[in-house]
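Participant: Questions regarding the structure given below will be posed in turn.
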Amino acid sequence: MMRYWATLVILLLCKGLATAQDVEATDIVAQILEEMSADGTLTEDFEDEAAELVALSANKIDLNTASDEQISKIFFLTEKQKEILLSRRERFGPYRSEVELITLPYFSQTDVERLLHFATVKKSNAEPQKATTAQIGIVARVERTYPTMRGFRATTDTTNAPFLGDKYKKLLRINGSWGEQLQGGLVAESDAGEPMFSDGISTTDFLSGFLLYKPHKKFVRKIILGHYSAQFGQGLGMWTGFASDLSAMQASTMRSAMGLNGNMSASESDYLRGVAVAMGNARITADLFISLTDGDASLTTIADSISAEYFASSIQTNGYHRTTSELSKRNNFEQRLMGAYLKHTWKNLNVAIGFNQWHGSIPIGNKGELYKIYYPMHTLTIGSATKA
């Protein structure tokens with residue numbers, strides 16, 4: 001106890017030789033020593049600790065760079081408070097201001113006010129780290145149309161209904177993310193009248209999924225695997241340049257400049273499937289994509305054709321597979337699409353160019369029109385757009 005009172009006397013005598021800042025720090029240290037003595041938390045080395053603490057008032061430690069040893073010099077903090085100061089910085093990045101200290105658990109207003117006499121928060125250029133959070137969303141829907149459609153009713157006692165499935169349309173949509181870098185989605189859909197677990201359809205009639213990864217501060221901005229959409233805005237190559245009779249799949253690269261994104265639509269024709277990569281910086285961007293999809297087509301032969309090959313007289317986009325006839329067209333037409341979209345931004349001027357190369361597994365043709373039997377299996381479209 002004599003050591004304690006001797007330390008207080010020394011602190012009071014030092015006030016006459018100290019600056020105003022040191023005087024205030026000395027008063028605070030003396031007050032802290034009195035409180036710690038009353039509750040029995042003083043340590044054997046409290047004289048040295050008190051002297052070091054007074055010295056810190058003239059050269060405050062930076063809480064954004066302070067080590068465990070440096071923070072330990074602020075002896076009036078509890079072990080839990082010291083741990084919080086370090087763990088908060090390691091988990092979320094440097095403190096942005098002294099105000100953040102008020103929000104720390106186990107710190108009262110008085111604790112923070114005392115702490116700021118011996119520590120400070122210097123401005124940091126580093127971006128604060130964000131906590132990684134996981135999110136998931138699930139939507140399940142069942143629809144039924146009344147009255148019952150004719151396709152579900154048998155024409156006679158001995159003839160089954162044209163539609164092979166039940167009267168309910170079913171949809172399941174699941175999307176989720178892990179932080180800001182990883183996203184994914186899954187869509188399963190079956191229209192009313194479409195069979196399940198039979199006629200070549202093992203589960204739902206349509207199943208779509210994707211995985212999207214955004215590298216952290218890299219030249220590669222986005223990588224997508226699975227089903228995705230590609231929309232690059234106005235331009236001959238990515239908007240009006242495509243002939244609409246080739247495939248409705250081209251309609252996904254239209255006027256809205258949404259770029260590359262994962263597909264969460266239940267549309268069975270308006271999507272791409274494969275891999276897509278978005279690269280670039282604030283001035284130059286490049287989007288590359290490759291797609292391989294299966295669609296439905298009405299196949300026919302042209303009588304005047306020498307080889308009597310099959311041609312696609314039309315491409316079906318409704319996605320219905322309710323009858324034997326519709327099921328026979330399911331995924332009988334393969335489409336390959338590859339392309340790129342390049343854009344350069346300079347002040348208020350955007351200059352962009354895009355191209356697509358499309359290939360169908362079966363040529364497009366119209367029965368009875370011999371001159372169209374080779375139109376087309378391959379197409380190449382190039383276009384550009386500028387905007388001031």
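In the structure tokens, each chain is lettered A, B, ... as it comes, each chain's residues begin at 1, and ligands are numbered from 1 in order of appearance.
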If we count only C-alpha atoms and set the cut-off at 12 Å, which residues sit around A:Val99, ignoring sequence neighbours fewer than 3 positions away in its own chain? Please answer as a VMD selection string.

Facilitator: chain A and resid 95 to 96 102 to 104 109 112 to 113 116 120 to 121

Participant: Write the residues of the preceding selection, restricted to N, CA and C atoms, as a short mmCIF file (atom, residue, chain, number, x, y, z; two decimals), in the first residue's frame.

Facilitator:
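What landed in selection-v1.cif:
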```cif
data_model
loop_
_atom_site.label_atom_id
_atom_site.label_comp_id
_atom_site.auth_asym_id
_atom_site.auth_seq_id
_atom_site.Cartn_x
_atom_site.Cartn_y
_atom_site.Cartn_z
N TYR A 95 -9.49 0.39 -38.36
CA TYR A 95 -10.53 1.30 -37.90
C TYR A 95 -10.55 2.53 -38.79
N ARG A 96 -11.75 3.00 -39.12
CA ARG A 96 -11.88 4.18 -39.98
C ARG A 96 -11.87 5.48 -39.18
N ILE A 102 -16.72 3.21 -30.00
CA ILE A 102 -17.93 3.24 -29.16
C ILE A 102 -18.77 1.99 -29.38
N THR A 103 -18.68 1.43 -30.59
CA THR A 103 -19.53 0.28 -30.92
C THR A 103 -18.94 -1.06 -30.46
N LEU A 104 -17.72 -1.05 -29.94
CA LEU A 104 -17.08 -2.30 -29.56
C LEU A 104 -17.75 -2.89 -28.32
N GLN A 109 -18.58 4.16 -22.51
CA GLN A 109 -18.18 5.49 -22.94
C GLN A 109 -16.95 5.96 -22.17
N VAL A 112 -13.73 4.23 -23.46
CA VAL A 112 -13.25 4.78 -24.73
C VAL A 112 -12.60 6.15 -24.51
N GLU A 113 -13.20 6.98 -23.67
CA GLU A 113 -12.62 8.30 -23.41
C GLU A 113 -11.24 8.18 -22.77
N LEU A 116 -8.60 6.90 -25.41
CA LEU A 116 -8.17 7.88 -26.41
C LEU A 116 -7.17 8.89 -25.87
N THR A 120 -4.75 6.30 -30.44
CA THR A 120 -5.44 7.06 -31.47
C THR A 120 -5.74 6.15 -32.65
N VAL A 121 -6.52 6.64 -33.61
CA VAL A 121 -6.82 5.92 -34.84
C VAL A 121 -6.36 6.80 -36.00
#
```

Participant: How would you write, as an NGL selection string, the set of residues in stretch 40-140 of chain A that DSSP gives as strand (DSSP E)?

Facilitator: :A and (61-62 or 119-120 or 134-140)

Participant: For the selection just defined, write its residues with N, CA and C atoms to a file, as a PDB file, in the first residue's frame.

Facilitator:
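Everything below was put into again-v4.pdb:
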```
ATOM      1  N   ILE A  61      -0.241   5.378 -29.208  1.00  0.00           N
ATOM      2  CA  ILE A  61      -0.123   4.245 -30.119  1.00  0.00           C
ATOM      3  C   ILE A  61      -1.269   4.274 -31.121  1.00  0.00           C
ATOM      4  N   ASP A  62      -0.999   3.786 -32.311  1.00  0.00           N
ATOM      5  CA  ASP A  62      -2.016   3.719 -33.366  1.00  0.00           C
ATOM      6  C   ASP A  62      -2.713   2.362 -33.283  1.00  0.00           C
ATOM      7  N   ALA A 119      -4.163   6.336 -26.894  1.00  0.00           N
ATOM      8  CA  ALA A 119      -4.188   5.663 -28.201  1.00  0.00           C
ATOM      9  C   ALA A 119      -4.976   6.521 -29.172  1.00  0.00           C
ATOM     10  N   THR A 120      -4.750   6.301 -30.444  1.00  0.00           N
ATOM     11  CA  THR A 120      -5.442   7.058 -31.473  1.00  0.00           C
ATOM     12  C   THR A 120      -5.741   6.148 -32.653  1.00  0.00           C
ATOM     13  N   ALA A 134     -23.339 -15.570 -46.132  1.00  0.00           N
ATOM     14  CA  ALA A 134     -23.980 -16.503 -47.059  1.00  0.00           C
ATOM     15  C   ALA A 134     -25.474 -16.189 -47.116  1.00  0.00           C
ATOM     16  N   GLN A 135     -26.027 -16.194 -48.328  1.00  0.00           N
ATOM     17  CA  GLN A 135     -27.452 -15.950 -48.516  1.00  0.00           C
ATOM     18  C   GLN A 135     -28.024 -17.022 -49.435  1.00  0.00           C
ATOM     19  N   ILE A 136     -29.252 -17.379 -49.185  1.00  0.00           N
ATOM     20  CA  ILE A 136     -29.925 -18.361 -50.031  1.00  0.00           C
ATOM     21  C   ILE A 136     -31.403 -17.999 -50.110  1.00  0.00           C
ATOM     22  N   GLY A 137     -31.957 -18.124 -51.302  1.00  0.00           N
ATOM     23  CA  GLY A 137     -33.376 -17.864 -51.513  1.00  0.00           C
ATOM     24  C   GLY A 137     -34.023 -19.038 -52.244  1.00  0.00           C
ATOM     25  N   ILE A 138     -35.201 -19.427 -51.810  1.00  0.00           N
ATOM     26  CA  ILE A 138     -35.897 -20.567 -52.398  1.00  0.00           C
ATOM     27  C   ILE A 138     -37.328 -20.157 -52.727  1.00  0.00           C
ATOM     28  N   VAL A 139     -37.738 -20.432 -53.960  1.00  0.00           N
ATOM     29  CA  VAL A 139     -39.114 -20.180 -54.397  1.00  0.00           C
ATOM     30  C   VAL A 139     -39.667 -21.474 -54.986  1.00  0.00           C
ATOM     31  N   ALA A 140     -40.786 -21.927 -54.473  1.00  0.00           N
ATOM     32  CA  ALA A 140     -41.467 -23.118 -55.002  1.00  0.00           C
ATOM     33  C   ALA A 140     -42.903 -22.715 -55.349  1.00  0.00           C
TER      34      ALA A 140
END
```

Participant: Just the number, please: distance in Å from atom CA of A:Leu288 to atom CA of A:Tyr341, one decimal.

Facilitator: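 Atom CA of A:Leu288 sits 6.7 Å away from atom CA of A:Tyr341.
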
Participant: Which one of A:Gly354, A:Gly360, A:Pro105, A:Gly193 sits closest to A:Ala312 if you count only C-alpha atoms?

Facilitator: A:Gly360

Participant: Using DSSP assignments from the backbone, pull out every residue in stretch 69-286 of chain A that falls under helix (DSSP H, G or I) and give it to me as a ChimeraX atom specification.

Facilitator: /A:69-72,79-92,98-103,109-115,150-152,248-252

Participant: Which residues are near stretch 259-261 of chain A? Cut-off 12 Å, only C-alpha atoms, ignore same chain within fewer than 3 positions. Put them as a VMD selection string.

Facilitator: chain A and resid 183 to 185 209 to 214 221 to 234 238 252 to 256 264 to 265 271 to 273 275 to 279 285 to 290 340 to 343

Participant: Put those residues in a file: C-alpha atoms, as a CSV table (one decimal), in the first residue's frame.

Facilitator:
```csv
chain,number,residue,atom,x,y,z
A,183,GLN,CA,-23.0,-16.8,-56.7
A,184,GLY,CA,-25.1,-19.7,-58.0
A,185,GLY,CA,-28.6,-20.6,-59.0
A,209,GLY,CA,-28.1,-23.9,-63.2
A,210,PHE,CA,-25.0,-21.7,-63.1
A,211,LEU,CA,-22.0,-20.8,-61.0
A,212,LEU,CA,-20.6,-17.3,-61.1
A,213,TYR,CA,-17.2,-16.3,-59.6
A,214,LYS,CA,-15.9,-12.8,-59.3
A,221,ARG,CA,-13.9,-9.6,-63.5
A,222,LYS,CA,-16.4,-12.5,-63.9
A,223,ILE,CA,-16.4,-16.2,-64.8
A,224,ILE,CA,-19.7,-18.0,-65.4
A,225,LEU,CA,-20.2,-21.8,-65.9
A,226,GLY,CA,-23.5,-23.3,-66.8
A,227,HIS,CA,-26.6,-21.4,-68.1
A,228,TYR,CA,-26.2,-17.7,-68.6
A,229,SER,CA,-27.5,-14.7,-70.5
A,230,ALA,CA,-25.5,-12.2,-72.8
A,231,GLN,CA,-26.9,-8.7,-73.3
A,232,PHE,CA,-24.5,-6.1,-74.8
A,233,GLY,CA,-26.7,-3.3,-75.9
A,234,GLN,CA,-27.3,-1.6,-79.3
A,238,MET,CA,-25.5,-7.9,-80.9
A,252,SER,CA,-30.9,-12.8,-75.5
A,253,THR,CA,-28.3,-10.5,-76.9
A,254,MET,CA,-30.5,-7.5,-77.5
A,255,ARG,CA,-30.8,-3.9,-76.5
A,256,SER,CA,-30.3,-3.9,-72.8
A,264,MET,CA,-32.4,-17.6,-63.5
A,265,SER,CA,-35.2,-17.7,-66.1
A,271,TYR,CA,-30.5,-18.8,-72.6
A,272,LEU,CA,-26.9,-19.8,-73.4
A,273,ARG,CA,-25.1,-22.7,-71.9
A,275,VAL,CA,-18.7,-20.8,-70.2
A,276,ALA,CA,-18.4,-17.0,-70.3
A,277,VAL,CA,-15.6,-14.6,-69.1
A,278,ALA,CA,-15.7,-10.9,-68.5
A,279,MET,CA,-12.4,-9.1,-68.5
A,285,THR,CA,-13.5,-4.4,-71.4
A,286,ALA,CA,-13.7,-7.7,-73.3
A,287,ASP,CA,-16.5,-10.3,-72.9
A,288,LEU,CA,-16.0,-13.8,-74.4
A,289,PHE,CA,-18.5,-16.6,-74.4
A,290,ILE,CA,-19.1,-20.1,-75.8
A,340,ALA,CA,-17.0,-11.6,-78.1
A,341,TYR,CA,-17.8,-8.0,-77.3
A,342,LEU,CA,-15.1,-5.4,-77.0
A,343,LYS,CA,-15.6,-1.9,-75.7
```

Participant: How many Å lie between atom CA of A:Glu143 and atom CA of A:Lys169, rounded to one decimal?

Facilitator: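 Separation of atom CA of A:Glu143 and atom CA of A:Lys169: 5.0 Å.
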
Participant: Excluding A:Val187 and residues on its chain fewer than 3 positions from it, collect all residues at most 9 Å away from it, counting only C-alpha atoms, and give them as a compact mmCIF listing (two decimals) with all heavy atoms, in the first residue's frame.

Facilitator:
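And here's selection-v9.txt as it stands now:
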```
# COMPACT_ATOMS: atom_id res chain seq x y z
N LEU A 171 -42.66 -25.26 -60.42
CA LEU A 171 -41.44 -24.46 -60.53
C LEU A 171 -40.69 -24.46 -59.21
O LEU A 171 -41.30 -24.29 -58.14
CB LEU A 171 -41.77 -23.02 -60.92
CG LEU A 171 -40.59 -22.03 -60.91
CD1 LEU A 171 -39.64 -22.32 -62.08
CD2 LEU A 171 -41.06 -20.59 -60.97
N LEU A 172 -39.38 -24.65 -59.29
CA LEU A 172 -38.51 -24.54 -58.12
C LEU A 172 -37.32 -23.68 -58.51
O LEU A 172 -36.63 -23.97 -59.49
CB LEU A 172 -38.03 -25.91 -57.65
CG LEU A 172 -37.02 -25.91 -56.49
CD1 LEU A 172 -37.65 -25.34 -55.23
CD2 LEU A 172 -36.47 -27.31 -56.25
N ARG A 173 -37.10 -22.60 -57.76
CA ARG A 173 -35.98 -21.70 -58.04
C ARG A 173 -35.17 -21.50 -56.75
O ARG A 173 -35.70 -21.11 -55.72
CB ARG A 173 -36.49 -20.35 -58.56
CG ARG A 173 -35.36 -19.37 -58.89
CD ARG A 173 -35.87 -18.04 -59.38
NE ARG A 173 -36.36 -18.14 -60.75
CZ ARG A 173 -37.62 -17.99 -61.11
NH1 ARG A 173 -38.55 -17.78 -60.19
NH2 ARG A 173 -37.99 -18.08 -62.38
N ILE A 174 -33.87 -21.80 -56.83
CA ILE A 174 -32.97 -21.65 -55.70
C ILE A 174 -31.78 -20.78 -56.14
O ILE A 174 -31.15 -21.07 -57.15
CB ILE A 174 -32.44 -23.01 -55.20
CG1 ILE A 174 -33.60 -23.93 -54.83
CG2 ILE A 174 -31.52 -22.82 -54.01
CD1 ILE A 174 -33.16 -25.34 -54.47
N ASN A 175 -31.53 -19.73 -55.42
CA ASN A 175 -30.36 -18.90 -55.71
C ASN A 175 -29.65 -18.58 -54.41
O ASN A 175 -30.27 -18.48 -53.34
CB ASN A 175 -30.76 -17.61 -56.43
CG ASN A 175 -31.64 -16.72 -55.56
OD1 ASN A 175 -32.80 -17.05 -55.33
ND2 ASN A 175 -31.10 -15.61 -55.08
N PHE A 206 -37.39 -29.12 -67.52
CA PHE A 206 -36.33 -28.15 -67.78
C PHE A 206 -35.53 -27.93 -66.51
O PHE A 206 -36.09 -27.70 -65.43
CB PHE A 206 -36.92 -26.82 -68.26
CG PHE A 206 -35.89 -25.74 -68.49
CD1 PHE A 206 -34.96 -25.85 -69.51
CD2 PHE A 206 -35.84 -24.63 -67.66
CE1 PHE A 206 -34.00 -24.86 -69.71
CE2 PHE A 206 -34.90 -23.64 -67.85
CZ PHE A 206 -33.97 -23.75 -68.88
N LEU A 207 -34.22 -28.02 -66.63
CA LEU A 207 -33.33 -27.83 -65.49
C LEU A 207 -32.20 -26.90 -65.90
O LEU A 207 -31.51 -27.13 -66.89
CB LEU A 207 -32.76 -29.18 -65.03
CG LEU A 207 -31.97 -29.18 -63.72
CD1 LEU A 207 -32.88 -28.81 -62.55
CD2 LEU A 207 -31.34 -30.55 -63.48
N SER A 208 -32.04 -25.81 -65.16
CA SER A 208 -31.04 -24.80 -65.48
C SER A 208 -30.25 -24.45 -64.22
O SER A 208 -30.82 -24.34 -63.13
CB SER A 208 -31.71 -23.53 -66.03
OG SER A 208 -30.78 -22.46 -66.15
N GLY A 209 -28.94 -24.28 -64.36
CA GLY A 209 -28.11 -23.92 -63.21
C GLY A 209 -26.85 -23.21 -63.65
O GLY A 209 -26.39 -23.36 -64.79
N ASN A 263 -28.18 -17.23 -65.57
CA ASN A 263 -29.57 -17.31 -66.01
C ASN A 263 -30.45 -17.90 -64.90
O ASN A 263 -30.22 -19.00 -64.42
CB ASN A 263 -29.67 -18.20 -67.25
CG ASN A 263 -31.11 -18.36 -67.71
OD1 ASN A 263 -31.75 -17.40 -68.14
ND2 ASN A 263 -31.64 -19.58 -67.62
N MET A 264 -31.48 -17.13 -64.51
CA MET A 264 -32.43 -17.60 -63.52
C MET A 264 -33.84 -17.64 -64.11
O MET A 264 -34.82 -17.68 -63.38
CB MET A 264 -32.41 -16.70 -62.28
CG MET A 264 -31.16 -16.84 -61.44
SD MET A 264 -30.96 -18.51 -60.77
CE MET A 264 -32.34 -18.59 -59.64
N SER A 265 -33.93 -17.63 -65.42
CA SER A 265 -35.23 -17.67 -66.08
C SER A 265 -35.63 -19.12 -66.35
O SER A 265 -34.79 -19.99 -66.57
CB SER A 265 -35.17 -16.90 -67.40
OG SER A 265 -36.34 -17.11 -68.17
N ALA A 266 -36.96 -19.36 -66.34
CA ALA A 266 -37.47 -20.69 -66.66
C ALA A 266 -37.77 -20.84 -68.14
O ALA A 266 -38.28 -21.88 -68.56
CB ALA A 266 -38.73 -20.97 -65.84
```

Participant: When distances are computed from only C-alpha atoms, which of A:Ala192, A:Leu101, A:Leu164, A:Ala55 shows the smallest separation from A:Thr145?

Facilitator: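 The closest residue to A:Thr145 is A:Ala192.
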